[in-house]
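File shown here: data16.cif, holding mmCIF, C-alpha atoms.
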```
data_entry
#
loop_
_atom_site.label_atom_id
_atom_site.label_comp_id
_atom_site.auth_asym_id
_atom_site.auth_seq_id
_atom_site.Cartn_x
_atom_site.Cartn_y
_atom_site.Cartn_z
CA MET S 1 41.20 -79.20 -12.90
CA ILE S 2 41.10 -82.86 -13.82
CA HIS S 3 38.97 -84.02 -16.70
CA GLU S 4 38.21 -87.66 -16.96
CA ARG S 5 39.25 -89.53 -19.99
CA PRO S 6 36.26 -90.27 -22.23
CA GLY S 7 35.10 -93.88 -22.26
CA PRO S 8 36.52 -96.39 -24.75
CA GLU S 9 33.42 -96.24 -26.93
CA ILE S 10 33.80 -92.48 -27.33
CA GLU S 11 37.53 -92.74 -27.91
CA GLU S 12 36.80 -95.22 -30.69
CA ILE S 13 34.56 -92.67 -32.38
CA HIS S 14 37.45 -90.21 -32.45
CA GLY S 15 39.84 -92.92 -33.61
CA TYR S 16 37.41 -93.75 -36.40
CA VAL S 17 37.17 -90.15 -37.59
CA ASP S 18 40.93 -89.72 -37.41
CA GLY S 19 41.79 -92.99 -39.12
CA GLN S 20 43.65 -94.24 -36.05
CA LEU S 21 41.90 -97.60 -35.55
CA GLY S 22 42.98 -101.09 -36.54
CA PRO S 23 40.79 -103.00 -39.03
CA GLU S 24 38.83 -104.87 -36.37
CA ALA S 25 37.98 -101.84 -34.26
CA ARG S 26 37.11 -99.98 -37.43
CA ARG S 27 34.60 -102.68 -38.42
CA ARG S 28 33.13 -102.68 -34.93
CA VAL S 29 32.57 -98.92 -35.02
CA ALA S 30 31.10 -99.06 -38.53
CA GLU S 31 28.54 -101.61 -37.33
CA ARG S 32 27.70 -99.45 -34.37
CA LEU S 33 27.23 -96.39 -36.56
CA ALA S 34 24.71 -98.30 -38.65
CA ARG S 35 22.72 -99.03 -35.49
CA GLU S 36 23.08 -95.71 -33.68
CA PRO S 37 22.15 -92.60 -35.65
CA HIS S 38 23.38 -90.24 -32.91
CA ALA S 39 26.85 -91.79 -33.13
CA GLN S 40 26.76 -91.33 -36.91
CA ASP S 41 25.79 -87.66 -36.36
CA GLN S 42 28.77 -87.31 -34.07
CA VAL S 43 31.12 -88.78 -36.69
CA ASP S 44 29.65 -86.53 -39.40
CA ALA S 45 30.03 -83.42 -37.23
CA TYR S 46 33.64 -84.24 -36.33
CA ALA S 47 34.52 -84.98 -39.95
CA ALA S 48 32.91 -81.74 -41.12
CA MET S 49 34.90 -79.86 -38.48
CA ARG S 50 38.14 -81.43 -39.68
CA ASP S 51 37.33 -80.68 -43.33
CA GLY S 52 36.45 -77.11 -42.39
CA LEU S 53 39.74 -76.60 -40.51
CA LYS S 54 41.66 -78.02 -43.45
CA ALA S 55 39.80 -75.74 -45.87
CA LEU S 56 40.65 -72.79 -43.64
CA TYR S 57 44.32 -73.41 -43.01
CA ASP S 58 45.74 -75.79 -45.62
CA PRO S 59 46.16 -72.88 -48.07
CA VAL S 60 48.66 -71.33 -45.62
CA ALA S 61 51.05 -74.21 -46.31
CA LEU S 62 50.94 -73.36 -50.02
CA GLU S 63 51.77 -69.68 -49.57
CA PRO S 64 55.28 -68.57 -50.50
CA ILE S 65 57.49 -68.55 -47.42
CA PRO S 66 58.20 -64.99 -46.21
CA PRO S 67 61.87 -64.07 -46.70
CA ARG S 68 62.35 -63.31 -43.01
CA LEU S 69 61.76 -66.99 -42.24
CA LEU S 70 64.29 -68.15 -44.82
CA ALA S 71 67.14 -65.98 -43.60
CA ARG S 72 69.54 -67.64 -41.23
CA PRO S 73 68.60 -65.68 -38.13
CA HIS S 74 70.77 -63.05 -36.50
CA ARG S 75 70.37 -61.96 -32.98
CA ARG S 76 68.01 -59.05 -32.91
CA PRO S 77 66.76 -56.81 -30.15
CA TRP S 78 63.82 -58.31 -28.44
CA LEU S 79 61.06 -55.82 -28.36
CA ARG S 80 58.12 -57.71 -27.00
CA PRO S 81 57.08 -56.53 -23.59
CA ILE S 82 56.86 -58.87 -20.69
CA GLY S 83 53.31 -58.40 -19.63
CA ALA S 84 50.90 -60.32 -17.55
CA LEU S 85 52.96 -60.53 -14.42
CA ALA S 86 49.93 -59.82 -12.28
CA ALA S 87 47.84 -62.18 -14.37
CA SER S 88 50.36 -64.98 -13.97
CA LEU S 89 50.38 -64.44 -10.28
CA ALA S 90 46.62 -64.35 -10.08
CA LEU S 91 46.64 -67.58 -12.02
CA LEU S 92 48.90 -69.17 -9.49
CA VAL S 93 47.01 -67.94 -6.51
CA THR S 94 43.33 -67.98 -7.51
CA GLY S 95 42.46 -71.62 -7.20
CA GLY S 96 44.42 -71.74 -3.98
CA PHE S 97 47.51 -73.83 -3.86
CA ILE S 98 47.04 -77.45 -3.13
CA GLY S 99 50.12 -77.93 -1.07
CA MET S 100 51.27 -81.44 -0.48
CA ARG S 101 53.73 -82.50 2.07
CA LEU S 102 55.96 -85.31 1.00
CA GLU S 103 57.26 -87.02 4.07
CA ARG S 104 57.71 -90.73 4.55
CA GLY S 105 55.23 -91.37 1.77
CA ARG S 106 52.39 -89.54 3.47
CA LEU S 107 50.53 -86.81 1.66
CA THR S 108 49.26 -84.15 4.00
CA PRO S 109 47.64 -80.97 2.71
CA ILE S 110 49.23 -77.81 4.00
CA ALA S 111 47.54 -74.46 4.38
CA GLY S 112 48.53 -71.16 2.84
CA THR S 113 51.15 -70.30 0.27
CA PRO S 114 54.64 -69.79 1.62
CA SER S 115 56.31 -66.65 0.33
CA VAL S 116 59.11 -68.71 -1.20
CA VAL S 117 56.54 -70.42 -3.45
CA ARG S 118 54.93 -67.13 -4.48
CA GLU S 119 58.28 -65.55 -5.20
CA ALA S 120 59.61 -68.54 -7.12
CA ALA S 121 56.40 -68.71 -9.16
CA MET S 122 56.58 -64.99 -9.85
CA ALA S 123 60.21 -65.21 -10.90
CA TYR S 124 59.34 -68.14 -13.13
CA ALA S 125 56.46 -66.25 -14.75
CA VAL S 126 58.47 -63.09 -15.29
CA TYR S 127 61.83 -64.36 -16.45
CA THR S 128 61.42 -67.68 -18.25
CA PRO S 129 59.37 -66.28 -21.17
CA ASP S 130 62.20 -63.88 -21.98
CA LEU S 131 64.20 -65.40 -24.81
CA ARG S 132 66.98 -62.84 -24.98
CA HIS S 133 67.57 -61.56 -21.47
CA PRO S 134 66.30 -64.17 -19.04
CA VAL S 135 69.34 -63.78 -16.76
CA GLU S 136 71.83 -61.14 -15.66
CA ILE S 137 74.89 -63.38 -15.70
CA PRO S 138 75.02 -66.25 -18.19
CA GLY S 139 75.77 -69.84 -17.24
CA GLU S 140 79.11 -69.68 -19.02
CA GLN S 141 80.32 -67.49 -16.13
CA GLU S 142 79.09 -69.92 -13.50
CA GLN S 143 81.86 -69.32 -11.00
CA HIS S 144 81.45 -65.55 -11.18
CA LEU S 145 77.67 -65.92 -10.89
CA VAL S 146 77.88 -68.17 -7.83
CA ASN S 147 80.46 -65.97 -6.11
CA TRP S 148 78.40 -62.86 -6.72
CA LEU S 149 75.12 -64.39 -5.51
CA THR S 150 76.85 -65.90 -2.46
CA LYS S 151 78.24 -62.48 -1.56
CA ARG S 152 74.94 -60.68 -2.04
CA MET S 153 72.92 -63.34 -0.23
CA GLY S 154 75.37 -63.58 2.63
CA ALA S 155 75.06 -67.36 2.47
CA GLN S 156 76.86 -70.01 0.46
CA LEU S 157 75.09 -70.68 -2.81
CA ARG S 158 75.79 -73.44 -5.28
CA ALA S 159 74.63 -74.13 -8.82
CA PRO S 160 73.62 -77.80 -9.06
CA GLN S 161 74.61 -79.77 -12.15
CA LEU S 162 71.59 -81.17 -13.97
CA ALA S 163 73.17 -82.30 -17.21
CA ASN S 164 72.28 -85.93 -16.54
CA LEU S 165 68.61 -84.85 -16.50
CA GLY S 166 69.02 -82.93 -19.75
CA PHE S 167 69.06 -79.45 -18.21
CA HIS S 168 71.89 -76.94 -18.40
CA LEU S 169 72.42 -73.69 -16.52
CA VAL S 170 71.16 -70.68 -18.50
CA GLY S 171 72.42 -68.31 -15.83
CA GLY S 172 71.12 -66.38 -12.87
CA ARG S 173 70.11 -63.08 -11.37
CA LEU S 174 69.61 -61.32 -8.07
CA LEU S 175 66.05 -60.52 -6.99
CA SER S 176 64.46 -58.77 -4.08
CA SER S 177 62.36 -60.93 -1.82
CA ASP S 178 60.19 -60.28 1.23
CA ASP S 179 63.25 -61.03 3.34
CA GLY S 180 66.03 -59.24 1.52
CA PRO S 181 67.94 -60.57 -1.46
CA GLY S 182 66.78 -63.60 -3.44
CA ALA S 183 68.80 -65.62 -5.91
CA LEU S 184 67.48 -67.09 -9.13
CA LEU S 185 69.16 -69.78 -11.20
CA MET S 186 67.54 -70.77 -14.51
CA TYR S 187 67.97 -74.10 -16.28
CA GLU S 188 66.81 -75.19 -19.71
CA ASN S 189 66.57 -78.48 -21.56
CA GLY S 190 67.09 -79.25 -25.23
CA GLN S 191 63.46 -78.62 -26.07
CA GLY S 192 63.48 -75.17 -24.53
CA ARG S 193 61.62 -76.11 -21.35
CA ARG S 194 62.84 -74.00 -18.49
CA VAL S 195 62.85 -74.45 -14.74
CA VAL S 196 64.05 -72.03 -12.08
CA LEU S 197 65.70 -72.64 -8.74
CA TYR S 198 64.99 -69.82 -6.34
CA ALA S 199 66.63 -69.24 -2.97
CA CYS S 200 65.82 -66.70 -0.26
CA HIS S 201 66.37 -66.37 3.46
CA ASN S 202 64.53 -68.83 5.61
CA GLU S 203 62.48 -67.35 8.39
CA GLU S 204 61.69 -70.73 9.86
CA ARG S 205 65.22 -71.84 10.42
CA ASP S 206 64.54 -74.08 13.35
CA ARG S 207 61.73 -76.05 11.78
CA GLY S 208 64.02 -78.47 9.98
CA THR S 209 63.97 -79.56 6.39
CA THR S 210 60.64 -80.31 4.79
CA PHE S 211 59.98 -81.09 1.18
CA ARG S 212 56.73 -79.81 -0.22
CA PHE S 213 54.89 -79.60 -3.49
CA ALA S 214 52.43 -77.01 -4.82
CA GLN S 215 50.76 -76.79 -8.20
CA GLU S 216 48.33 -74.61 -10.05
CA GLU S 217 47.50 -74.22 -13.72
CA GLY S 218 50.37 -76.34 -14.87
CA VAL S 219 53.11 -74.60 -12.87
CA SER S 220 54.62 -76.93 -10.33
CA VAL S 221 56.76 -75.87 -7.38
CA PHE S 222 58.78 -78.06 -5.05
CA HIS S 223 60.13 -76.22 -2.04
CA TRP S 224 62.15 -77.01 1.04
CA LEU S 225 64.31 -75.49 3.75
CA GLU S 226 68.01 -76.04 4.01
CA GLY S 227 70.06 -74.28 6.65
CA PRO S 228 69.69 -70.51 6.39
CA LEU S 229 67.92 -70.64 3.01
CA SER S 230 64.54 -71.61 1.58
CA TYR S 231 64.68 -73.16 -1.86
CA ALA S 232 61.97 -73.55 -4.47
CA LEU S 233 62.14 -75.25 -7.84
CA ALA S 234 59.43 -74.10 -10.27
CA GLY S 235 58.59 -75.25 -13.76
CA GLU S 236 55.86 -76.17 -16.16
CA VAL S 237 57.01 -79.73 -16.47
CA ASP S 238 55.46 -82.98 -15.50
CA ARG S 239 55.42 -83.45 -11.74
CA ALA S 240 57.48 -86.64 -11.90
CA GLU S 241 60.13 -84.92 -14.01
CA LEU S 242 60.21 -81.92 -11.70
CA LEU S 243 60.48 -84.22 -8.71
CA ALA S 244 63.50 -85.94 -10.27
CA ILE S 245 65.14 -82.54 -10.79
CA ALA S 246 64.19 -81.37 -7.30
CA GLU S 247 65.63 -84.51 -5.73
CA SER S 248 68.87 -84.09 -7.61
CA VAL S 249 69.11 -80.42 -6.57
CA TYR S 250 68.27 -81.31 -2.98
CA GLN S 251 70.93 -84.03 -2.81
CA GLN S 252 73.58 -81.81 -4.39
CA LEU S 253 72.86 -78.89 -2.06
CA ARG S 254 73.03 -81.14 1.00
CA ALA S 255 76.24 -82.82 -0.05
CA MET D 256 78.63 -78.74 -39.70
CA ALA D 257 78.56 -76.88 -36.42
CA HIS D 258 74.83 -77.50 -35.98
CA GLY D 259 73.07 -80.81 -35.93
CA ILE D 260 70.35 -79.29 -38.05
CA ASP D 261 70.27 -79.42 -41.79
CA GLY D 262 69.10 -76.05 -43.10
CA ASP D 263 67.51 -77.52 -46.22
CA ARG D 264 65.46 -79.97 -44.18
CA LEU D 265 64.47 -77.20 -41.82
CA VAL D 266 63.12 -75.17 -44.74
CA THR D 267 60.94 -78.05 -45.92
CA GLU D 268 59.17 -78.03 -42.55
CA ILE D 269 58.34 -74.31 -42.63
CA PRO D 270 55.02 -74.59 -44.51
CA ARG D 271 53.63 -77.01 -41.92
CA LEU D 272 54.86 -74.87 -39.03
CA ARG D 273 53.25 -71.79 -40.60
CA ARG D 274 49.95 -73.57 -41.14
CA TYR D 275 49.80 -74.74 -37.54
CA ALA D 276 50.92 -71.38 -36.16
CA ARG D 277 48.31 -69.54 -38.25
CA ALA D 278 45.56 -71.79 -36.96
CA LEU D 279 46.75 -71.36 -33.38
CA THR D 280 47.08 -67.60 -33.46
CA ARG D 281 44.58 -66.74 -36.24
CA ASP D 282 46.81 -63.79 -37.02
CA GLY D 283 49.34 -63.75 -39.87
CA GLN D 284 51.91 -61.57 -38.12
CA ALA D 285 51.75 -63.36 -34.78
CA ALA D 286 51.93 -66.73 -36.55
CA ASP D 287 55.09 -65.87 -38.45
CA ASP D 288 56.63 -64.38 -35.28
CA LEU D 289 56.02 -67.73 -33.60
CA VAL D 290 57.52 -69.64 -36.54
CA GLN D 291 60.50 -67.31 -36.59
CA ASP D 292 61.11 -67.82 -32.86
CA CYS D 293 60.86 -71.56 -33.44
CA LEU D 294 63.36 -71.49 -36.30
CA GLU D 295 65.78 -69.32 -34.36
CA ARG D 296 65.64 -71.76 -31.50
CA ALA D 297 66.11 -74.65 -33.90
CA TRP D 298 69.25 -73.00 -35.28
CA ARG D 299 70.63 -72.30 -31.84
CA LYS D 300 69.58 -75.56 -30.23
CA GLY D 301 69.84 -77.82 -33.25
CA HIS D 302 72.51 -79.90 -31.57
CA HIS D 303 69.81 -81.17 -29.19
CA TRP D 304 67.96 -82.73 -32.06
CA GLU D 305 69.14 -86.29 -32.65
CA ALA D 306 69.79 -86.97 -36.31
CA GLY D 307 67.57 -89.76 -37.54
CA THR D 308 64.68 -88.90 -35.23
CA ASP D 309 61.57 -87.07 -36.41
CA LEU D 310 62.65 -83.48 -37.11
CA CYS D 311 59.07 -82.37 -37.62
CA ALA D 312 57.95 -83.70 -34.21
CA TRP D 313 60.93 -82.01 -32.57
CA LEU D 314 60.09 -78.68 -34.22
CA PHE D 315 56.46 -78.92 -33.17
CA THR D 316 57.57 -79.63 -29.61
CA VAL D 317 59.81 -76.56 -29.68
CA MET D 318 56.95 -74.48 -31.07
CA HIS D 319 54.54 -75.82 -28.46
CA ASN D 320 56.89 -74.67 -25.69
CA LEU D 321 57.29 -71.23 -27.24
CA TYR D 322 53.54 -70.93 -27.67
CA VAL D 323 52.87 -71.89 -24.06
CA ASN D 324 55.53 -69.43 -22.85
CA GLY D 325 53.97 -66.74 -25.03
CA LEU D 326 50.54 -67.38 -23.55
CA ARG D 327 51.91 -66.80 -20.11
CA ARG D 328 53.34 -63.54 -21.36
CA ARG D 329 50.05 -62.38 -22.86
CA ARG D 330 47.48 -63.59 -20.41
CA PRO D 331 44.69 -62.88 -19.75
CA ASP D 332 44.09 -61.77 -23.34
CA THR D 333 44.43 -65.17 -24.96
CA HIS D 334 41.52 -65.05 -27.36
CA PRO D 335 42.53 -63.02 -30.40
CA ILE D 336 39.54 -63.12 -32.68
CA GLY D 337 39.58 -62.11 -36.29
CA HIS D 338 42.32 -62.46 -38.83
CA ALA D 339 44.24 -59.40 -39.82
CA GLU D 340 46.28 -59.73 -43.01
CA PHE D 341 44.47 -62.92 -43.80
CA ALA D 342 44.09 -63.36 -47.52
CA ASP D 343 40.80 -65.16 -47.72
CA PRO D 344 41.54 -68.38 -49.61
CA ARG D 345 37.88 -69.26 -49.92
CA SER D 346 35.63 -68.76 -52.85
CA GLN D 347 32.60 -70.59 -51.54
CA SER D 348 29.13 -69.20 -51.47
CA GLN D 349 28.42 -66.63 -48.81
CA GLU D 350 26.71 -69.19 -46.62
CA ALA D 351 29.61 -71.64 -46.76
CA GLY D 352 32.02 -68.78 -46.13
CA LEU D 353 30.05 -67.76 -43.10
CA GLN D 354 30.25 -71.27 -41.69
CA VAL D 355 34.01 -71.43 -42.14
CA ARG D 356 34.31 -68.04 -40.47
CA ASP D 357 32.16 -69.36 -37.61
CA LEU D 358 34.47 -72.34 -37.34
CA GLU D 359 37.46 -70.06 -36.89
CA GLN D 360 35.64 -68.06 -34.26
CA ALA D 361 34.56 -71.20 -32.43
CA LEU D 362 38.16 -72.44 -32.50
CA GLY D 363 39.28 -69.20 -30.86
CA LEU D 364 36.87 -69.75 -28.01
CA LEU D 365 38.40 -73.04 -26.94
CA PRO D 366 41.04 -73.07 -24.21
CA PRO D 367 44.52 -72.98 -25.82
CA GLU D 368 45.40 -76.53 -24.77
CA GLN D 369 42.27 -77.86 -26.49
CA GLN D 370 42.97 -75.85 -29.63
CA GLU D 371 46.43 -77.38 -29.81
CA VAL D 372 45.21 -80.96 -29.56
CA LEU D 373 42.40 -80.42 -32.05
CA LEU D 374 44.71 -78.80 -34.60
CA LEU D 375 47.52 -81.32 -34.23
CA VAL D 376 45.03 -84.13 -34.83
CA CYS D 377 42.86 -82.58 -37.55
CA LEU D 378 45.27 -80.33 -39.39
CA GLU D 379 48.63 -82.02 -38.82
CA GLU D 380 47.14 -85.53 -38.80
CA MET D 381 49.37 -86.60 -35.94
CA THR D 382 48.70 -89.80 -34.06
CA TYR D 383 47.44 -89.40 -30.52
CA GLU D 384 50.84 -90.66 -29.29
CA GLN D 385 52.63 -87.95 -31.28
CA VAL D 386 50.30 -85.29 -29.88
CA ALA D 387 51.00 -86.53 -26.35
CA SER D 388 54.72 -86.30 -27.00
CA VAL D 389 54.58 -82.82 -28.55
CA THR D 390 52.40 -81.33 -25.83
CA GLY D 391 54.09 -83.23 -23.00
CA VAL D 392 50.93 -84.72 -21.47
CA PRO D 393 49.70 -88.31 -21.05
CA ILE D 394 47.62 -89.78 -23.86
CA GLY D 395 44.52 -89.88 -21.63
CA THR D 396 44.75 -86.10 -21.35
CA VAL D 397 45.05 -85.84 -25.12
CA MET D 398 41.86 -87.89 -25.56
CA SER D 399 40.02 -85.87 -22.96
CA ARG D 400 41.05 -82.56 -24.55
CA LEU D 401 40.18 -83.80 -28.03
CA HIS D 402 36.74 -84.91 -26.96
CA ARG D 403 35.99 -81.73 -25.07
CA ALA D 404 37.23 -79.59 -27.96
CA ARG D 405 35.09 -81.37 -30.53
CA GLU D 406 31.96 -81.40 -28.41
CA ARG D 407 32.33 -77.72 -27.52
CA MET D 408 32.94 -76.76 -31.16
CA ARG D 409 29.92 -78.79 -32.14
CA ARG D 410 27.74 -76.92 -29.67
CA PHE D 411 29.07 -73.55 -30.85
CA MET D 412 28.51 -74.44 -34.47
CA SER D 413 24.99 -75.70 -33.92
CA GLY D 414 24.13 -72.60 -31.88
CA GLU D 415 23.42 -74.59 -28.72
CA GLU D 416 26.12 -72.66 -26.91
CA SER D 417 26.72 -69.00 -27.59
CA PRO D 418 30.13 -67.40 -27.38
CA PRO D 419 30.54 -65.23 -24.30
CA GLY D 420 28.91 -61.85 -24.72
CA GLN D 421 27.04 -62.76 -27.86
CA PRO D 422 23.41 -63.65 -28.36
CA VAL D 423 22.52 -67.07 -29.66
CA VAL D 424 21.94 -66.93 -33.40
CA ARG D 425 20.37 -70.06 -34.70
CA ARG D 426 20.85 -70.66 -38.37
CA VAL D 427 17.84 -71.99 -40.23
CA LYS D 428 18.71 -74.57 -42.82
#
```
Would you kindly transcribe this structure into structure tokens?
Amino acid sequence: MIHERPGPEIEEIHGYVDGQLGPEARRRVAERLAREPHAQDQVDAYAAMRDGLKALYDPVALEPIPPRLLARPHRRPWLRPIGALAASLALLVTGGFIGMRLERGRLTPIAGTPSVVREAAMAYAVYTPDLRHPVEIPGEQEQHLVNWLTKRMGAQLRAPQLANLGFHLVGGRLLSSDDGPGALLMYENGQGRRVVLYACHNEERDRGTTFRFAQEEGVSVFHWLEGPLSYALAGEVDRAELLAIAESVYQQLRA
Amino acid sequence: MAHGIDGDRLVTEIPRLRRYARALTRDGQAADDLVQDCLERAWRKGHHWEAGTDLCAWLFTVMHNLYVNGLRRRRPDTHPIGHAEFADPRSQSQEAGLQVRDLEQALGLLPPEQQEVLLLVCLEEMTYEQVASVTGVPIGTVMSRLHRARERMRRFMSGEESPPGQPVVRRVK
């Protein structure tokens, strides 16, 4: 869903309340407030809201810090359940994917949701929230991971290097897909954002390589076909950033 | 030092992180869990933080990502209402207390991404650019979310819009 940016006059009202205007804009708004009572009401309501939120939560910052937050953390068993798999899926599917085909600069909507997109999105929703056990084999054992996935998939797999884009390999795992085994590689950047590269067998082998994009509720998926495998890259990152990663992965897998 | 992060500096940021987390989750336990996750990540990933840059902004970005991941884990139940273990810091009259309580409830009814923007601006007093950076969206999206959050809160508070499943109660001044 796209919400339009409020007009400049409205943005100035917010800037005024939040003390984020230069002197000239501030004077301009003050003059307007004198003329327009409804704008003054708006400012008063916003300021009251801010004061109320501060009254509610500022005392938290004055509380003594609980000891558990001061201890240098140890690894501890992670007990929180991974829920909401179905909900995450519903989220991805409900609005209907707006698939876009990226080919020679043209944008053509595509129909339906390919299974590779559903499976990649599901794998993303299930495994990336897990802080402790997101993967079966960690990235430190990359060679072992790649050999194992290649053997289980029955097709050569590679783990692209994304260090120049700020992402490193967390590790990977084997999944079951609609068409047999699926392979998942997870990457993470310095701020903890994660993306997953998912590969499964390609039913449409003779249709050539296409590069497509799907998005819903902030989860973006680029997917394409390459030889015997379908690939999908999924993440909750900006589309342009995901595209840069997808292009790098695509180039490396073709090379 | 093995980590790029200075433990003493990290500790000075904890009160702000707790305040923001409490406002986001409106639950003392969940808030401190979120802060703890954030600190653990900061310890483990501290080498990604560049010395000399804004440590606080980096920590808020880390916490934003954890929060968003957590939402995905919990959906569709993303509207915890009420505040268990919440020592009431207020000693206002009953009427004023009621309004503050209403404010908290109204906050909980906003979509999470609007709550975040509203709290980062009002509570953390971040600039709109900082909010855009922490939440990873363009500044136009920040402005749109801020405006929608404030207008929706205003309607809740004035009784023009009733929370789902609740009758409209109009307060007489």
Legend entry - Nearest to chain S by atom-to-atom distance, counting only C-alpha atoms, from D:Cys377, D:Val372, D:Leu365, D:Met412: D:Cys377
Inset, instruction - Please evaluate the PyMOL selection byres ((chain S and resi 158-175) around 10) against the structure above and give the resulting residues as a PyMOL selection string. - result: (chain S and resi 119+123+127+134-143+145-150+152-153+155-157+176-177+180-200+241+244-246+248-253) or (chain D and resi 303)
Inset, instruction - Please report as a PyMOL selection string which residues of chain D come no farther than 8 Å from chain S, using only C-alpha atoms. - result: chain D and resi 266+269-271+273-275+277-278+287+290-291+294-295+298+300+303-304+313+316-317+320-321+324-325+327-331+344-345+355+358-359+376-378+380+382+391-392+395-396+398-399+402+405+409
Please provide the set of residues having any atom within 9 Å of Val29 (chain S), restricted to only C-alpha atoms, with same-chain residues fewer than 5 positions apart removed, written as a tab-separated table (two decimals) with C-alpha atoms, keeping the file's coordinate frame.
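Written out: part-v6.tsv:
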```
chain	number	residue	atom	x	y	z
S	9	GLU	CA	33.42	-96.24	-26.93
S	12	GLU	CA	36.80	-95.22	-30.69
S	13	ILE	CA	34.56	-92.67	-32.38
S	16	TYR	CA	37.41	-93.75	-36.40
S	24	GLU	CA	38.83	-104.87	-36.37
S	34	ALA	CA	24.71	-98.30	-38.65
```
Legend entry - Closest of S:Arg26, S:Glu36, S:Leu243, S:Ala255 to Phe213 (chain S) - atom-to-atom distances counting only C-alpha atoms: S:Leu243
Inset, instruction - Enter the distance from CA of Lys151 (chain S) to CA of Phe211 (chain S), in Å, rounded to one decimal. - result: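 Taking CA of Lys151 (chain S) as the start and CA of Phe211 (chain S) as the end point, the length is 26.2 Å.
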Legend entry - Point-to-point distance from CA of Arg132 (chain S) to CA of Ala234 (chain S), Å rounded to tenths: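 Result for CA of Arg132 (chain S) versus CA of Ala234 (chain S): 20.0 Å, one decimal.
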Inset, instruction - Work out how far apart CA of Leu272 (chain D) and CA of Gly22 (chain S) are and give it in Å to one decimal. - result: 28.9 Å
Inset, instruction - Name all residues at most 7 Å from Ala361 (chain D) (count only C-alpha atoms; drop same-chain ones fewer than 4 positions away) and give them as number ranges by chain. - result: D: 357, 365, 408, 411
Report as AutoDock Vina command-line options the centre and the edge lengths, in Å to one decimal, of the axis-aligned box holding every listed atom of region 244-251 of chain S, padded by 3 Å on each side.
```
--center_x 67.2 --center_y -83.2 --center_z -6.8 --size_x 13.4 --size_y 11.5 --size_z 14.0
```
Inset, instruction - Could you check which of D:Glu305, D:Glu368, D:Asp292, D:Glu384 is closest to Leu401 (chain D), using all atoms listed in the file? - result: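 Once distances to Leu401 (chain D) are computed over all atoms listed in the file, the minimum belongs to D:Glu368.
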Legend entry - Top pick for closest residue to Leu279 (chain D), considering D:Arg410, D:Arg296, D:Arg403, D:His319 and counting only C-alpha atoms: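 Of D:Arg410, D:Arg296, D:Arg403, D:His319, the one nearest Leu279 (chain D) is D:His319, counting only C-alpha atoms.
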